[in-house]
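Participant: Take this structure first; my questions come after.
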Amino acid sequence: MRSAPAQVDIDGTRKFYRHESLGIRAFVAARRLLAPLDAIVRQVPAQGAVLDLGCGHGVFCLALAAASPDRWIVGVDPSPQKIVVAKRVGASFPNLRFQQGLIDSVAHERFDVIIVLDVLYLMPPPKKLELLQGCRRMLAAGGVLLLKTNDTHPAWKYHVARAQERLMTGMGLTMGSGKLHFMSSGENADLLRRAGFSVETVHLRHWSPYPHVLFIAR
């Protein structure tokens, strides 16, 4: 039986970054403010192996690890600088591991939950499909992929999200080729089905001007 989510204090994780630079603290605060992380947390069971692909500075991983010692969390990100910070702030958690790399660096492991938050827009469609197929291979029986991205509707929210991400990639705050590859929620759902998943699409309500959408894929 799927265990219930543990109570997660995402805001409380900011204290682990109090000795980091102002820029990192601001980045972490903005990530917390602008993304509906609470709604995603509710989909994560209180126990099991969890992979966060594109974990950044590790905010989401820290929140999950702090809430339940019965979770084993692995955070992976291609940015060496972000992983250095994540390892430093997460050093006190025995159920948490960070490593620099891509999905291939953990392809030999199996996970009950794989989380991919705001990553797919950086990849062209063939790479998106390759990543999703890799996630499916790494999921344990009965596992779930939680994929968060932005929709292309309504148009005004999409343009806000696209402008922000163009700024982030242009400044080097997000790793990518510089090209953005947003897809509609329907196109992303179809891509997940091509990768072998059954899909539930959840449009997330949030105060921020972004068309947040969560895919619960099994």
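Going by the structure tokens order, chains are called A, B, ..., each with residues numbered from 1, while ligands are numbered from 1 in the order shown.
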Tell me which protein, DNA and RNA residues are within 10 Å of range 156-161 of chain A, counting only C-alpha atoms, leaving out same-chain ones fewer than 2 positions away, and put them as a ChimeraX atom specification.
Facilitator: /A:150-154,163-167,182,184,208-212
Participant: Quick one: write out the picked residues with N, CA and C atoms as a PDB file, in the first residue's frame?
Facilitator:
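Saved file selection_1.pdb follows:
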```pdb
ATOM      1  N   ASN A 150       5.736  23.848 -17.310  1.00  0.00           N
ATOM      2  CA  ASN A 150       4.781  24.916 -17.579  1.00  0.00           C
ATOM      3  C   ASN A 150       4.014  24.613 -18.853  1.00  0.00           C
ATOM      4  N   ASP A 151       2.730  24.934 -18.839  1.00  0.00           N
ATOM      5  CA  ASP A 151       1.890  24.774 -20.016  1.00  0.00           C
ATOM      6  C   ASP A 151       2.145  25.945 -20.972  1.00  0.00           C
ATOM      7  N   THR A 152       1.605  25.881 -22.158  1.00  0.00           N
ATOM      8  CA  THR A 152       1.677  27.005 -23.089  1.00  0.00           C
ATOM      9  C   THR A 152       0.367  27.800 -23.105  1.00  0.00           C
ATOM     10  N   HIS A 153      -0.548  27.461 -22.222  1.00  0.00           N
ATOM     11  CA  HIS A 153      -1.836  28.167 -22.088  1.00  0.00           C
ATOM     12  C   HIS A 153      -2.104  28.410 -20.600  1.00  0.00           C
ATOM     13  N   PRO A 154      -2.708  29.542 -20.243  1.00  0.00           N
ATOM     14  CA  PRO A 154      -3.057  30.649 -21.136  1.00  0.00           C
ATOM     15  C   PRO A 154      -1.819  31.336 -21.680  1.00  0.00           C
ATOM     16  N   ALA A 163       9.715  34.285 -20.839  1.00  0.00           N
ATOM     17  CA  ALA A 163      10.614  35.432 -20.656  1.00  0.00           C
ATOM     18  C   ALA A 163      11.517  35.228 -19.443  1.00  0.00           C
ATOM     19  N   GLN A 164      10.950  34.700 -18.361  1.00  0.00           N
ATOM     20  CA  GLN A 164      11.764  34.473 -17.169  1.00  0.00           C
ATOM     21  C   GLN A 164      12.846  33.439 -17.448  1.00  0.00           C
ATOM     22  N   GLU A 165      12.480  32.340 -18.083  1.00  0.00           N
ATOM     23  CA  GLU A 165      13.454  31.287 -18.332  1.00  0.00           C
ATOM     24  C   GLU A 165      14.509  31.717 -19.353  1.00  0.00           C
ATOM     25  N   ARG A 166      14.129  32.559 -20.292  1.00  0.00           N
ATOM     26  CA  ARG A 166      15.122  33.094 -21.232  1.00  0.00           C
ATOM     27  C   ARG A 166      16.141  33.949 -20.481  1.00  0.00           C
ATOM     28  N   LEU A 167      15.656  34.720 -19.507  1.00  0.00           N
ATOM     29  CA  LEU A 167      16.552  35.530 -18.685  1.00  0.00           C
ATOM     30  C   LEU A 167      17.475  34.642 -17.860  1.00  0.00           C
ATOM     31  N   PHE A 182       9.476  24.666 -24.883  1.00  0.00           N
ATOM     32  CA  PHE A 182       8.220  24.476 -24.171  1.00  0.00           C
ATOM     33  C   PHE A 182       7.238  23.690 -25.038  1.00  0.00           C
ATOM     34  N   SER A 184       2.942  22.139 -24.896  1.00  0.00           N
ATOM     35  CA  SER A 184       1.658  22.222 -24.211  1.00  0.00           C
ATOM     36  C   SER A 184       1.483  21.025 -23.281  1.00  0.00           C
ATOM     37  N   SER A 208       1.395  32.787  -8.476  1.00  0.00           N
ATOM     38  CA  SER A 208       2.390  33.323  -9.398  1.00  0.00           C
ATOM     39  C   SER A 208       1.878  33.268 -10.846  1.00  0.00           C
ATOM     40  N   PRO A 209       2.377  34.162 -11.731  1.00  0.00           N
ATOM     41  CA  PRO A 209       1.870  34.244 -13.105  1.00  0.00           C
ATOM     42  C   PRO A 209       2.514  33.242 -14.049  1.00  0.00           C
ATOM     43  N   TYR A 210       2.479  31.962 -13.660  1.00  0.00           N
ATOM     44  CA  TYR A 210       3.071  30.911 -14.475  1.00  0.00           C
ATOM     45  C   TYR A 210       2.059  29.781 -14.637  1.00  0.00           C
ATOM     46  N   PRO A 211       1.999  29.159 -15.807  1.00  0.00           N
ATOM     47  CA  PRO A 211       1.019  28.084 -16.054  1.00  0.00           C
ATOM     48  C   PRO A 211       1.539  26.723 -15.566  1.00  0.00           C
ATOM     49  N   HIS A 212       1.660  26.576 -14.256  1.00  0.00           N
ATOM     50  CA  HIS A 212       2.221  25.360 -13.673  1.00  0.00           C
ATOM     51  C   HIS A 212       1.338  24.149 -13.947  1.00  0.00           C
TER      52      HIS A 212
END
```
Participant: Run DSSP on the backbone of this structure and report the residues of range 28-216 of chain A it assigns to alpha helix (DSSP H), as a VMD selection string.
Facilitator: chain A and resid 28 to 34 37 to 41 59 to 67 80 to 89 125 to 138 155 to 170 185 to 194
Participant: Please measure the separation of CA of Arg14 in chain A and CA of Gly58 in chain A, giving the value in Å to one decimal.
Facilitator: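 Between CA of Arg14 in chain A and CA of Gly58 in chain A the gap works out to 10.6 Å.
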Participant: Let me make sure I understand: among A:Leu122, A:Ile103, A:Ala63, A:Met138, which one has the smallest atom-to-atom distance to Ile40 in chain A if we use only C-alpha atoms?
Facilitator: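 Smallest separation from Ile40 in chain A among the options: A:Ala63.
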Participant: List the spatial neighbours of Glu20 in chain A as a ChimeraX atom specification - criterion: any atom at most 12 Å away, only C-alpha atoms, same-chain residues fewer than 2 positions off excluded.
Facilitator: /A:14-18,22-28,57,82,84-86,88-89
Participant: Identify which of the residues A:Ser92, A:Gln43, A:Ser105, A:Gln100 lies closest to Ile216 in chain A, counting only C-alpha atoms when measuring atom-to-atom distances.
Facilitator: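 Distance minimum relative to Ile216 in chain A lands on A:Gln43.
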Participant: I'd like the neighbourhood of Arg137 in chain A as a list in words, where a residue qualifies if any of its atoms comes within 10 Å (using only C-alpha atoms), though same-chain residues fewer than 3 positions away should be ignored.
Facilitator: Ala107, His108, Glu109, Arg110, Phe111, Leu132, Gln133, Gly134, Ala140, Ala195 and Gly196 of chain A
Participant: Write the residues of the preceding selection, restricted to all heavy atoms, as a PDB file, in the first residue's frame.
Facilitator:
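The file below, selection.pdb, is the result:
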```
ATOM      1  N   ALA A 107      21.773   5.613 -13.423  1.00  0.00           N
ATOM      2  CA  ALA A 107      20.952   4.698 -14.222  1.00  0.00           C
ATOM      3  C   ALA A 107      20.935   3.277 -13.677  1.00  0.00           C
ATOM      4  O   ALA A 107      20.027   2.499 -13.985  1.00  0.00           O
ATOM      5  CB  ALA A 107      21.432   4.702 -15.671  1.00  0.00           C
ATOM      6  N   HIS A 108      21.930   2.926 -12.864  1.00  0.00           N
ATOM      7  CA  HIS A 108      22.002   1.570 -12.311  1.00  0.00           C
ATOM      8  C   HIS A 108      21.140   1.415 -11.058  1.00  0.00           C
ATOM      9  O   HIS A 108      21.012   0.302 -10.531  1.00  0.00           O
ATOM     10  CB  HIS A 108      23.452   1.238 -11.961  1.00  0.00           C
ATOM     11  CG  HIS A 108      24.041   2.159 -10.939  1.00  0.00           C
ATOM     12  ND1 HIS A 108      24.390   3.458 -11.232  1.00  0.00           N
ATOM     13  CD2 HIS A 108      24.328   1.971  -9.618  1.00  0.00           C
ATOM     14  CE1 HIS A 108      24.883   4.030 -10.145  1.00  0.00           C
ATOM     15  NE2 HIS A 108      24.843   3.158  -9.157  1.00  0.00           N
ATOM     16  N   GLU A 109      20.551   2.492 -10.560  1.00  0.00           N
ATOM     17  CA  GLU A 109      19.760   2.447  -9.339  1.00  0.00           C
ATOM     18  C   GLU A 109      18.271   2.377  -9.655  1.00  0.00           C
ATOM     19  O   GLU A 109      17.843   2.656 -10.778  1.00  0.00           O
ATOM     20  CB  GLU A 109      20.066   3.670  -8.467  1.00  0.00           C
ATOM     21  CG  GLU A 109      21.540   3.791  -8.084  1.00  0.00           C
ATOM     22  CD  GLU A 109      21.802   4.961  -7.143  1.00  0.00           C
ATOM     23  OE1 GLU A 109      21.067   5.101  -6.155  1.00  0.00           O
ATOM     24  OE2 GLU A 109      22.754   5.727  -7.413  1.00  0.00           O
ATOM     25  N   ARG A 110      17.474   2.000  -8.662  1.00  0.00           N
ATOM     26  CA  ARG A 110      16.024   1.930  -8.809  1.00  0.00           C
ATOM     27  C   ARG A 110      15.375   2.801  -7.755  1.00  0.00           C
ATOM     28  O   ARG A 110      15.828   2.867  -6.613  1.00  0.00           O
ATOM     29  CB  ARG A 110      15.524   0.483  -8.691  1.00  0.00           C
ATOM     30  CG  ARG A 110      15.966  -0.411  -9.836  1.00  0.00           C
ATOM     31  CD  ARG A 110      15.338   0.006 -11.149  1.00  0.00           C
ATOM     32  NE  ARG A 110      15.843  -0.781 -12.276  1.00  0.00           N
ATOM     33  CZ  ARG A 110      16.881  -0.445 -13.016  1.00  0.00           C
ATOM     34  NH1 ARG A 110      17.564   0.662 -12.742  1.00  0.00           N
ATOM     35  NH2 ARG A 110      17.262  -1.186 -14.022  1.00  0.00           N
ATOM     36  N   PHE A 111      14.267   3.450  -8.145  1.00  0.00           N
ATOM     37  CA  PHE A 111      13.620   4.412  -7.267  1.00  0.00           C
ATOM     38  C   PHE A 111      12.110   4.190  -7.251  1.00  0.00           C
ATOM     39  O   PHE A 111      11.519   3.779  -8.237  1.00  0.00           O
ATOM     40  CB  PHE A 111      13.917   5.842  -7.733  1.00  0.00           C
ATOM     41  CG  PHE A 111      15.384   6.177  -7.702  1.00  0.00           C
ATOM     42  CD1 PHE A 111      16.176   5.986  -8.828  1.00  0.00           C
ATOM     43  CD2 PHE A 111      15.972   6.668  -6.547  1.00  0.00           C
ATOM     44  CE1 PHE A 111      17.529   6.287  -8.805  1.00  0.00           C
ATOM     45  CE2 PHE A 111      17.324   6.963  -6.508  1.00  0.00           C
ATOM     46  CZ  PHE A 111      18.102   6.778  -7.638  1.00  0.00           C
ATOM     47  N   LEU A 132      12.620  10.631 -20.358  1.00  0.00           N
ATOM     48  CA  LEU A 132      11.432   9.989 -19.786  1.00  0.00           C
ATOM     49  C   LEU A 132      11.529   8.471 -19.883  1.00  0.00           C
ATOM     50  O   LEU A 132      11.126   7.754 -18.952  1.00  0.00           O
ATOM     51  CB  LEU A 132      10.173  10.499 -20.491  1.00  0.00           C
ATOM     52  CG  LEU A 132       9.888  12.005 -20.328  1.00  0.00           C
ATOM     53  CD1 LEU A 132       8.677  12.401 -21.157  1.00  0.00           C
ATOM     54  CD2 LEU A 132       9.699  12.379 -18.868  1.00  0.00           C
ATOM     55  N   GLN A 133      12.037   7.967 -20.968  1.00  0.00           N
ATOM     56  CA  GLN A 133      12.236   6.516 -21.091  1.00  0.00           C
ATOM     57  C   GLN A 133      13.247   6.019 -20.066  1.00  0.00           C
ATOM     58  O   GLN A 133      13.075   4.936 -19.490  1.00  0.00           O
ATOM     59  CB  GLN A 133      12.691   6.174 -22.509  1.00  0.00           C
ATOM     60  CG  GLN A 133      11.605   6.355 -23.553  1.00  0.00           C
ATOM     61  CD  GLN A 133      12.120   6.228 -24.974  1.00  0.00           C
ATOM     62  OE1 GLN A 133      13.299   6.512 -25.263  1.00  0.00           O
ATOM     63  NE2 GLN A 133      11.260   5.807 -25.890  1.00  0.00           N
ATOM     64  N   GLY A 134      14.295   6.803 -19.836  1.00  0.00           N
ATOM     65  CA  GLY A 134      15.266   6.445 -18.810  1.00  0.00           C
ATOM     66  C   GLY A 134      14.643   6.415 -17.429  1.00  0.00           C
ATOM     67  O   GLY A 134      14.919   5.516 -16.629  1.00  0.00           O
ATOM     68  N   ALA A 140      10.999   1.513  -9.765  1.00  0.00           N
ATOM     69  CA  ALA A 140      10.638   0.214  -9.208  1.00  0.00           C
ATOM     70  C   ALA A 140       9.182  -0.097  -9.551  1.00  0.00           C
ATOM     71  O   ALA A 140       8.420   0.782  -9.962  1.00  0.00           O
ATOM     72  CB  ALA A 140      10.846   0.230  -7.698  1.00  0.00           C
ATOM     73  N   ALA A 195       6.577   7.229 -23.827  1.00  0.00           N
ATOM     74  CA  ALA A 195       7.638   6.655 -22.997  1.00  0.00           C
ATOM     75  C   ALA A 195       7.153   5.462 -22.188  1.00  0.00           C
ATOM     76  O   ALA A 195       7.941   4.825 -21.479  1.00  0.00           O
ATOM     77  CB  ALA A 195       8.199   7.717 -22.060  1.00  0.00           C
ATOM     78  N   GLY A 196       5.847   5.149 -22.267  1.00  0.00           N
ATOM     79  CA  GLY A 196       5.326   3.963 -21.604  1.00  0.00           C
ATOM     80  C   GLY A 196       4.564   4.205 -20.322  1.00  0.00           C
ATOM     81  O   GLY A 196       4.286   3.265 -19.575  1.00  0.00           O
TER      82      GLY A 196
END
```
Participant: Mind pulling up the distance from CA of Gln47 in chain A to CA of Arg218 in chain A?
Facilitator: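 Between these atoms lies a distance of 17.4 Å.
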